[in-house]
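Visitor: Can you keep this structure in mind? I'll have questions shortly.
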Protein chains: 2
Amino acid sequence: MGDEVQIFEDYLKKHALHLTGPRETVLRSIFGTHEHFTADELIAHLQRAGTPVSKATVYRTLSLLSECNLLIEHDFGQGKKYYEHASELQHHGHLYCSDCGRIAEFYDPRLNAMQEKLARQEGFEPVSFAVKIYGRCADCAAKQARRDSGAVS
Amino acid sequence: MGDEVQIFEDYLKKHALHLTGPRETVLRSIFGTHEHFTADELIAHLQRAGTPVSKATVYRTLSLLSECNLLIEHDFGQGKKYYEHASELQHHGHLYCSDCGRIAEFYDPRLNAMQEKLARQEGFEPVSFAVKIYGRCADCAAKQARRDSGAVS
DNA sequence: GTTGAGACTGAGACTGAGTCTCAATTTCAG
DNA sequence: CTGAAATTGAGACTCAGTCTCAGTCTCAAC
Ligand SMILES: [Zn+2]
Ligand SMILES: [Zn+2]
Ligand SMILES: [Zn+2]
Ligand SMILES: [Zn+2]
């Protein structure tokens with residue numbers, strides 16, 4: 001998984017920037033574990049790990065990683081951004097449980113082709129796609145069903 | 001277009017709420033013109049129109065209108081929400097120009113069917129879909145092309 | 001027509017994610 | 001080494017959106 005380190009370093013060098021300690025700390029933390037995470041979670045995680053990095057630096061590093069396509073940003077309308085590794089399965093869509101915030105994924109190659117075509121039809125030059133489905137995950141649906149049947153109040 | 005007034009009034013009555021002056025002002029402003037708008041734009045518009053409504057009330061009314069499905073919220077990752085009339089063509093997707101913020105729309109019934117199916121496959125009970133394509137609109141693409149050819153710096 | 005419970009309102013305090021500033025520190029090419 | 005340029009963290013700041021609360025309005029019941 002040192003792949004990302006190399007890519008990041010190349011990107012930085014190309015822009016006369018340095019791979020410093022804090023940046024590497026952030027990089028390793030991100031590509032060591034997390035799948036879908038928020039800046040806040042990452043900051044807390046670094047704190048707990050005993051390698052704190054300031055909020056400003058974390059945000060700056062997240063921007064850099066997005067710029068060099070190692071990370072992808074997602075917005076589920078919660079007023080904060082989610083990030084995920086860009087490497088994995090490309091262009092998958094997301095399911096977001098409005099009840100518990102759980103995130104699931106799906107993939108269908110036809111979706112991408114359709115989107116590309118639809119964008120061109122409108123004269124747009126597409127750069128990225130985002131398919132999001134909001135609803136209730138299996139657990140929360142079951143919980144809701146139980147609540148509906150019992151406790152008729 | 002008094003249709004919306006009726007629906008809103010019914011919804012309010014059902015919840016023991018009242019269709020008050022400020023609420024009606026907001027309602028009429030929204031369904032009189034705007035297509036994709038933000039809370040800020042709406043507040044400014046009401047101000048200019050000489051019928052100011054407080055920020056708090058505007059937000060509260062936007063929530064109510066979303067709850068009764070007269071409005072749909074959209075988030076393009078700009079840290080603020082966009083709203084649009086729910087009545088129009090249902091479930092259309094959006095194209096967002098990352099350069100100028102222009103919003104275009106597209107519609108393909110197959111997209112909805114696919115999403116429904118994919119959600120169920122993951123055990124989700126879908127409530128709403130959001131397909132967003134980010135890229136460059138025709139104008140901005142042309143502008144970019146011009147910039148690239150001329151001014152080689 | 002009064003009245004009172006409860007809904008409504010606006011002003012402004014507050015929140016929270018994300019950005020910006022700036023002085024002190026670190027990096028690295030020369 | 002040295003110094004120009006990049007980097008950092010602390011905390012001030014921004015800005016959309018929410019919350020609070022005292023004063024106001026609504027309406028159904030008298
Ligand atoms: Zn859930
Ligand atoms: Zn994902
Ligand atoms: Zn544009
Ligand atoms: Zn639309």
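Ligands are numbered from 1 in the order shown, residues from 1 within each chain, and chains are lettered A, B, ... in the order they appear in the structure tokens.
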Up to 8 Å from chain C, what residues of chain B turn up? Count only C-alpha atoms (C1' of nucleotides) and give them as a JSON list (two decimals) with C-alpha atoms, in the first residue's frame.

Guide:
```
[["chain", "number", "residue", "atom", "x", "y", "z"],
["B", 17, "LEU", "CA", -50.52, 24.58, 12.02],
["B", 18, "HIS", "CA", -51.65, 27.80, 10.39],
["B", 54, "SER", "CA", -36.95, 36.70, 8.79],
["B", 56, "ALA", "CA", -35.62, 31.84, 10.78],
["B", 57, "THR", "CA", -39.10, 31.85, 9.31]]
```

Visitor: For ligand 3, list the contacting residues at 9 Å or closer, counting only C-alpha atoms (C1' of nucleotides) and all ligand atoms, as a list in words.

Guide: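 Final answer, ordered by chain and number: Phe124 of chain A; Tyr96, Cys97, Ser98, Asp99, Cys100, Gly101, Arg102, Ile103, Gly135, Arg136, Cys137, Ala138, Asp139, Cys140 and Ala141 of chain B.
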
Visitor: Those residues you just picked out, can you put them in a file as an mmCIF file, in the first residue's frame with N, CA, C and O atoms?

Guide:
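Okay, this is what ended up in part-v2.cif:
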```
data_model
loop_
_atom_site.group_PDB
_atom_site.id
_atom_site.type_symbol
_atom_site.label_atom_id
_atom_site.label_comp_id
_atom_site.auth_asym_id
_atom_site.auth_seq_id
_atom_site.Cartn_x
_atom_site.Cartn_y
_atom_site.Cartn_z
ATOM 1 N N PHE A 124 -22.721 19.215 -21.843
ATOM 2 C CA PHE A 124 -21.773 19.225 -20.732
ATOM 3 C C PHE A 124 -20.616 18.280 -21.014
ATOM 4 O O PHE A 124 -20.757 17.243 -21.659
ATOM 5 N N TYR B 96 -24.117 19.878 -12.953
ATOM 6 C CA TYR B 96 -23.658 21.073 -12.256
ATOM 7 C C TYR B 96 -22.318 21.510 -12.825
ATOM 8 O O TYR B 96 -21.363 20.720 -12.835
ATOM 9 N N CYS B 97 -22.258 22.732 -13.330
ATOM 10 C CA CYS B 97 -21.001 23.218 -13.888
ATOM 11 C C CYS B 97 -20.099 23.692 -12.751
ATOM 12 O O CYS B 97 -20.423 24.642 -12.045
ATOM 13 N N SER B 98 -18.987 23.015 -12.590
ATOM 14 C CA SER B 98 -18.073 23.335 -11.494
ATOM 15 C C SER B 98 -17.434 24.710 -11.682
ATOM 16 O O SER B 98 -16.892 25.280 -10.747
ATOM 17 N N ASP B 99 -17.462 25.225 -12.912
ATOM 18 C CA ASP B 99 -16.859 26.529 -13.165
ATOM 19 C C ASP B 99 -17.797 27.678 -12.815
ATOM 20 O O ASP B 99 -17.422 28.597 -12.103
ATOM 21 N N CYS B 100 -19.008 27.635 -13.338
ATOM 22 C CA CYS B 100 -19.899 28.781 -13.165
ATOM 23 C C CYS B 100 -21.125 28.492 -12.307
ATOM 24 O O CYS B 100 -21.912 29.381 -12.029
ATOM 25 N N GLY B 101 -21.311 27.252 -11.883
ATOM 26 C CA GLY B 101 -22.450 26.931 -11.028
ATOM 27 C C GLY B 101 -23.764 26.736 -11.769
ATOM 28 O O GLY B 101 -24.799 26.542 -11.147
ATOM 29 N N ARG B 102 -23.722 26.810 -13.080
ATOM 30 C CA ARG B 102 -24.955 26.604 -13.844
ATOM 31 C C ARG B 102 -25.502 25.200 -13.594
ATOM 32 O O ARG B 102 -24.747 24.237 -13.456
ATOM 33 N N ILE B 103 -26.808 25.106 -13.546
ATOM 34 C CA ILE B 103 -27.460 23.818 -13.320
ATOM 35 C C ILE B 103 -28.323 23.465 -14.517
ATOM 36 O O ILE B 103 -29.121 24.271 -14.969
ATOM 37 N N GLY B 135 -19.204 18.775 -14.042
ATOM 38 C CA GLY B 135 -18.356 18.938 -15.206
ATOM 39 C C GLY B 135 -18.338 20.386 -15.644
ATOM 40 O O GLY B 135 -18.430 21.289 -14.820
ATOM 41 N N ARG B 136 -18.237 20.585 -16.944
ATOM 42 C CA ARG B 136 -18.145 21.931 -17.466
ATOM 43 C C ARG B 136 -19.254 22.127 -18.499
ATOM 44 O O ARG B 136 -19.412 21.297 -19.402
ATOM 45 N N CYS B 137 -19.980 23.208 -18.369
ATOM 46 C CA CYS B 137 -21.046 23.473 -19.330
ATOM 47 C C CYS B 137 -20.436 23.918 -20.654
ATOM 48 O O CYS B 137 -19.252 24.247 -20.727
ATOM 49 N N ALA B 138 -21.247 23.943 -21.693
ATOM 50 C CA ALA B 138 -20.763 24.281 -23.038
ATOM 51 C C ALA B 138 -20.021 25.623 -23.028
ATOM 52 O O ALA B 138 -18.920 25.740 -23.577
ATOM 53 N N ASP B 139 -20.611 26.620 -22.404
ATOM 54 C CA ASP B 139 -19.994 27.946 -22.376
ATOM 55 C C ASP B 139 -18.614 27.918 -21.735
ATOM 56 O O ASP B 139 -17.646 28.457 -22.281
ATOM 57 N N CYS B 140 -18.550 27.315 -20.562
ATOM 58 C CA CYS B 140 -17.277 27.304 -19.832
ATOM 59 C C CYS B 140 -16.239 26.457 -20.567
ATOM 60 O O CYS B 140 -15.047 26.759 -20.526
ATOM 61 N N ALA B 141 -16.693 25.422 -21.245
ATOM 62 C CA ALA B 141 -15.767 24.592 -22.013
ATOM 63 C C ALA B 141 -15.171 25.422 -23.144
ATOM 64 O O ALA B 141 -13.965 25.387 -23.411
#
```

Visitor: Based on only C-alpha atoms, which of the residues in chain B come within 10 Å of chain A? I want them as a tab-separated table (two decimals) with N, CA and C atoms, in the first residue's frame.

Guide:
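Output file result.tsv follows:
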```
chain	number	residue	atom	x	y	z
B	73	GLU	N	-34.93	19.21	-1.94
B	73	GLU	CA	-33.62	19.77	-1.61
B	73	GLU	C	-32.53	19.11	-2.45
B	74	HIS	N	-31.54	19.91	-2.80
B	74	HIS	CA	-30.39	19.36	-3.52
B	74	HIS	C	-29.13	19.90	-2.90
B	75	ASP	N	-28.11	19.09	-2.93
B	75	ASP	CA	-26.82	19.52	-2.39
B	75	ASP	C	-25.75	19.24	-3.43
B	76	PHE	N	-25.09	20.29	-3.86
B	76	PHE	CA	-24.04	20.10	-4.85
B	76	PHE	C	-22.65	20.22	-4.22
B	77	GLY	N	-22.60	20.05	-2.92
B	77	GLY	CA	-21.31	20.10	-2.24
B	77	GLY	C	-20.75	21.50	-2.09
B	78	GLN	N	-21.62	22.52	-2.20
B	78	GLN	CA	-21.14	23.89	-2.05
B	78	GLN	C	-21.39	24.41	-0.63
B	79	GLY	N	-21.77	23.51	0.25
B	79	GLY	CA	-22.02	23.94	1.61
B	79	GLY	C	-23.33	24.67	1.80
B	80	LYS	N	-24.19	24.60	0.84
B	80	LYS	CA	-25.53	25.19	0.99
B	80	LYS	C	-26.50	24.39	0.16
B	81	LYS	N	-27.76	24.48	0.53
B	81	LYS	CA	-28.75	23.67	-0.16
B	81	LYS	C	-29.46	24.44	-1.25
B	93	GLY	N	-32.27	14.13	-13.20
B	93	GLY	CA	-30.92	14.27	-12.68
B	93	GLY	C	-30.41	15.67	-12.93
B	94	HIS	N	-29.28	16.00	-12.31
B	94	HIS	CA	-28.74	17.34	-12.47
B	94	HIS	C	-27.32	17.36	-12.97
B	95	LEU	N	-27.05	18.35	-13.77
B	95	LEU	CA	-25.70	18.60	-14.24
B	95	LEU	C	-25.27	19.90	-13.57
B	96	TYR	N	-24.12	19.88	-12.95
B	96	TYR	CA	-23.66	21.07	-12.26
B	96	TYR	C	-22.32	21.51	-12.82
B	97	CYS	N	-22.26	22.73	-13.33
B	97	CYS	CA	-21.00	23.22	-13.89
B	97	CYS	C	-20.10	23.69	-12.75
B	98	SER	N	-18.99	23.02	-12.59
B	98	SER	CA	-18.07	23.33	-11.49
B	98	SER	C	-17.43	24.71	-11.68
B	104	ALA	N	-28.12	22.28	-15.04
B	104	ALA	CA	-28.97	21.81	-16.14
B	104	ALA	C	-29.61	20.50	-15.67
B	105	GLU	N	-30.59	20.03	-16.43
B	105	GLU	CA	-31.29	18.83	-16.01
B	105	GLU	C	-31.36	17.81	-17.12
B	106	PHE	N	-31.62	16.59	-16.75
B	106	PHE	CA	-31.83	15.56	-17.75
B	106	PHE	C	-32.78	14.53	-17.16
B	107	TYR	N	-33.34	13.74	-18.02
B	107	TYR	CA	-34.28	12.75	-17.52
B	107	TYR	C	-34.20	11.48	-18.35
B	108	ASP	N	-34.15	10.37	-17.67
B	108	ASP	CA	-34.15	9.10	-18.36
B	108	ASP	C	-34.83	8.09	-17.44
B	110	ARG	N	-35.07	5.03	-17.44
B	110	ARG	CA	-34.34	3.80	-17.13
B	110	ARG	C	-33.48	3.97	-15.88
B	111	LEU	N	-32.98	5.20	-15.70
B	111	LEU	CA	-32.15	5.46	-14.52
B	111	LEU	C	-32.90	5.12	-13.24
B	114	MET	N	-33.33	1.38	-12.67
B	114	MET	CA	-32.08	0.76	-12.27
B	114	MET	C	-31.77	1.03	-10.81
B	115	GLN	N	-31.97	2.27	-10.42
B	115	GLN	CA	-31.66	2.63	-9.04
B	115	GLN	C	-32.53	1.88	-8.06
B	116	GLU	N	-33.80	1.81	-8.38
B	116	GLU	CA	-34.73	1.08	-7.51
B	116	GLU	C	-34.22	-0.34	-7.30
B	118	LEU	N	-31.18	-1.62	-7.80
B	118	LEU	CA	-29.89	-1.69	-7.12
B	118	LEU	C	-30.03	-1.49	-5.62
B	119	ALA	N	-30.92	-0.59	-5.24
B	119	ALA	CA	-31.13	-0.33	-3.82
B	119	ALA	C	-31.67	-1.58	-3.13
B	120	ARG	N	-32.67	-2.19	-3.73
B	120	ARG	CA	-33.28	-3.38	-3.15
B	120	ARG	C	-32.26	-4.50	-3.00
B	121	GLN	N	-31.39	-4.60	-3.99
B	121	GLN	CA	-30.36	-5.64	-3.93
B	121	GLN	C	-29.49	-5.51	-2.69
B	122	GLU	N	-29.30	-4.28	-2.24
B	122	GLU	CA	-28.46	-4.05	-1.06
B	122	GLU	C	-29.29	-4.04	0.22
B	123	GLY	N	-30.57	-4.36	0.08
B	123	GLY	CA	-31.42	-4.42	1.26
B	123	GLY	C	-31.94	-3.06	1.69
B	124	PHE	N	-31.77	-2.07	0.83
B	124	PHE	CA	-32.26	-0.74	1.17
B	124	PHE	C	-33.67	-0.52	0.65
B	125	GLU	N	-34.39	0.27	1.41
B	125	GLU	CA	-35.72	0.66	1.01
B	125	GLU	C	-35.57	2.10	0.52
B	126	PRO	N	-35.49	2.27	-0.79
B	126	PRO	CA	-35.18	3.60	-1.32
B	126	PRO	C	-36.31	4.60	-1.11
B	127	VAL	N	-35.92	5.83	-0.84
B	127	VAL	CA	-36.92	6.89	-0.67
B	127	VAL	C	-36.74	7.93	-1.78
B	128	SER	N	-35.51	8.29	-2.03
B	128	SER	CA	-35.29	9.26	-3.10
B	128	SER	C	-33.94	9.02	-3.77
B	129	PHE	N	-33.85	9.48	-4.99
B	129	PHE	CA	-32.64	9.30	-5.77
B	129	PHE	C	-32.02	10.64	-6.11
B	130	ALA	N	-30.73	10.65	-6.27
B	130	ALA	CA	-30.06	11.89	-6.67
B	130	ALA	C	-28.92	11.52	-7.59
B	131	VAL	N	-29.08	11.88	-8.84
B	131	VAL	CA	-28.01	11.63	-9.81
B	131	VAL	C	-27.43	12.98	-10.19
B	132	LYS	N	-26.15	13.14	-9.91
B	132	LYS	CA	-25.51	14.42	-10.22
B	132	LYS	C	-24.28	14.20	-11.05
B	133	ILE	N	-24.15	15.02	-12.06
B	133	ILE	CA	-22.98	14.96	-12.91
B	133	ILE	C	-22.28	16.30	-12.81
B	134	TYR	N	-21.01	16.26	-12.43
B	134	TYR	CA	-20.24	17.48	-12.32
B	134	TYR	C	-19.35	17.59	-13.54
B	135	GLY	N	-19.20	18.77	-14.04
B	135	GLY	CA	-18.36	18.94	-15.21
B	135	GLY	C	-18.34	20.39	-15.64
B	136	ARG	N	-18.24	20.59	-16.94
B	136	ARG	CA	-18.15	21.93	-17.47
B	136	ARG	C	-19.25	22.13	-18.50
B	137	CYS	N	-19.98	23.21	-18.37
B	137	CYS	CA	-21.05	23.47	-19.33
B	137	CYS	C	-20.44	23.92	-20.65
B	138	ALA	N	-21.25	23.94	-21.69
B	138	ALA	CA	-20.76	24.28	-23.04
B	138	ALA	C	-20.02	25.62	-23.03
B	139	ASP	N	-20.61	26.62	-22.40
B	139	ASP	CA	-19.99	27.95	-22.38
B	139	ASP	C	-18.61	27.92	-21.74
B	140	CYS	N	-18.55	27.31	-20.56
B	140	CYS	CA	-17.28	27.30	-19.83
B	140	CYS	C	-16.24	26.46	-20.57
B	141	ALA	N	-16.69	25.42	-21.25
B	141	ALA	CA	-15.77	24.59	-22.01
B	141	ALA	C	-15.17	25.42	-23.14
```

Visitor: When you get a sec, could you note down which chain D residues fall within 10 Å of chain B, using only C-alpha atoms (C1' of nucleotides), as a VMD selection string?

Guide: chain D and resid 15 to 19 25 to 27

Visitor: Output C-alpha atoms (C1' of nucleotides) of each residue in that selection to a file, as a PDB file, in the first residue's frame.

Guide:
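This is the output file part.pdb:
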```pdb
ATOM      1  C1'  DC D  15     -21.195  31.389   6.542  1.00  0.00           C
ATOM      2  C1'  DA D  16     -25.236  28.312   6.230  1.00  0.00           C
ATOM      3  C1'  DG D  17     -28.285  26.812   9.107  1.00  0.00           C
ATOM      4  C1'  DT D  18     -30.442  26.150  13.928  1.00  0.00           C
ATOM      5  C1'  DC D  19     -32.038  27.529  18.392  1.00  0.00           C
ATOM      6  C1'  DC D  25     -51.168  36.231  16.572  1.00  0.00           C
ATOM      7  C1'  DT D  26     -54.801  32.559  15.706  1.00  0.00           C
ATOM      8  C1'  DC D  27     -58.768  30.196  16.541  1.00  0.00           C
TER       9       DC D  27
END
```

Visitor: Taking the DSSP secondary structure from the backbone, can you list the residues of segment 44-139 of chain B that are alpha helix (DSSP H), as a PyMOL selection string?

Guide: chain B and resi 44-48+55-67+109-121+138-139

Visitor: Those residues you just picked out, can you put them in a file as a short mmCIF file (atom, residue, chain, number, x, y, z; two decimals), in the first residue's frame with C-alpha atoms?

Guide:
```
data_model
loop_
_atom_site.label_atom_id
_atom_site.label_comp_id
_atom_site.auth_asym_id
_atom_site.auth_seq_id
_atom_site.Cartn_x
_atom_site.Cartn_y
_atom_site.Cartn_z
CA ALA B 44 -32.73 38.52 -0.60
CA HIS B 45 -35.53 38.30 -3.12
CA LEU B 46 -38.18 38.80 -0.45
CA GLN B 47 -36.22 41.73 0.91
CA ARG B 48 -36.03 43.42 -2.48
CA LYS B 55 -34.24 34.16 8.12
CA ALA B 56 -35.62 31.84 10.78
CA THR B 57 -39.10 31.85 9.31
CA VAL B 58 -37.82 31.32 5.78
CA TYR B 59 -35.83 28.27 6.87
CA ARG B 60 -38.75 26.97 8.88
CA THR B 61 -41.07 27.35 5.92
CA LEU B 62 -38.61 25.68 3.57
CA SER B 63 -38.56 22.71 5.95
CA LEU B 64 -42.32 22.52 5.98
CA LEU B 65 -42.52 22.70 2.20
CA SER B 66 -39.98 19.91 1.91
CA GLU B 67 -41.87 17.81 4.40
CA PRO B 109 -36.75 6.71 -16.97
CA ARG B 110 -34.34 3.80 -17.13
CA LEU B 111 -32.15 5.46 -14.52
CA ASN B 112 -34.90 5.33 -11.94
CA ALA B 113 -35.73 1.71 -12.58
CA MET B 114 -32.08 0.76 -12.27
CA GLN B 115 -31.66 2.63 -9.04
CA GLU B 116 -34.73 1.08 -7.51
CA LYS B 117 -33.42 -2.36 -8.33
CA LEU B 118 -29.89 -1.69 -7.12
CA ALA B 119 -31.13 -0.33 -3.82
CA ARG B 120 -33.28 -3.38 -3.15
CA GLN B 121 -30.36 -5.64 -3.93
CA ALA B 138 -20.76 24.28 -23.04
CA ASP B 139 -19.99 27.95 -22.38
#
```

Visitor: Quick one: distance from atom CA of Tyr82 of chain A to atom CA of Ile30 of chain A in Å, one decimal?

Guide: 12.3 Å

Visitor: Record the distance separating atom CA of Lys13 of chain A and atom C1' of DT7 of chain D, expressed in Å with one decimal.

Guide: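 Going from atom CA of Lys13 of chain A over to atom C1' of DT7 of chain D, I get 14.5 Å.
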
Visitor: If DSSP is run on the backbone, what residues of segment 3-110 of chain B are strand (DSSP E or B)? A reply as a list in words would be ideal.

Guide: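 Residues of segment 3-110 of chain B classed as strand (DSSP E or B): Phe37, Thr38, Leu71, Ile72, Glu73, His74, Asp75, Lys81, Tyr82, Tyr83, Glu84, His85, Gly93, His94, Leu95, Tyr96, Cys97, Ile103, Ala104, Glu105 and Phe106 of chain B.
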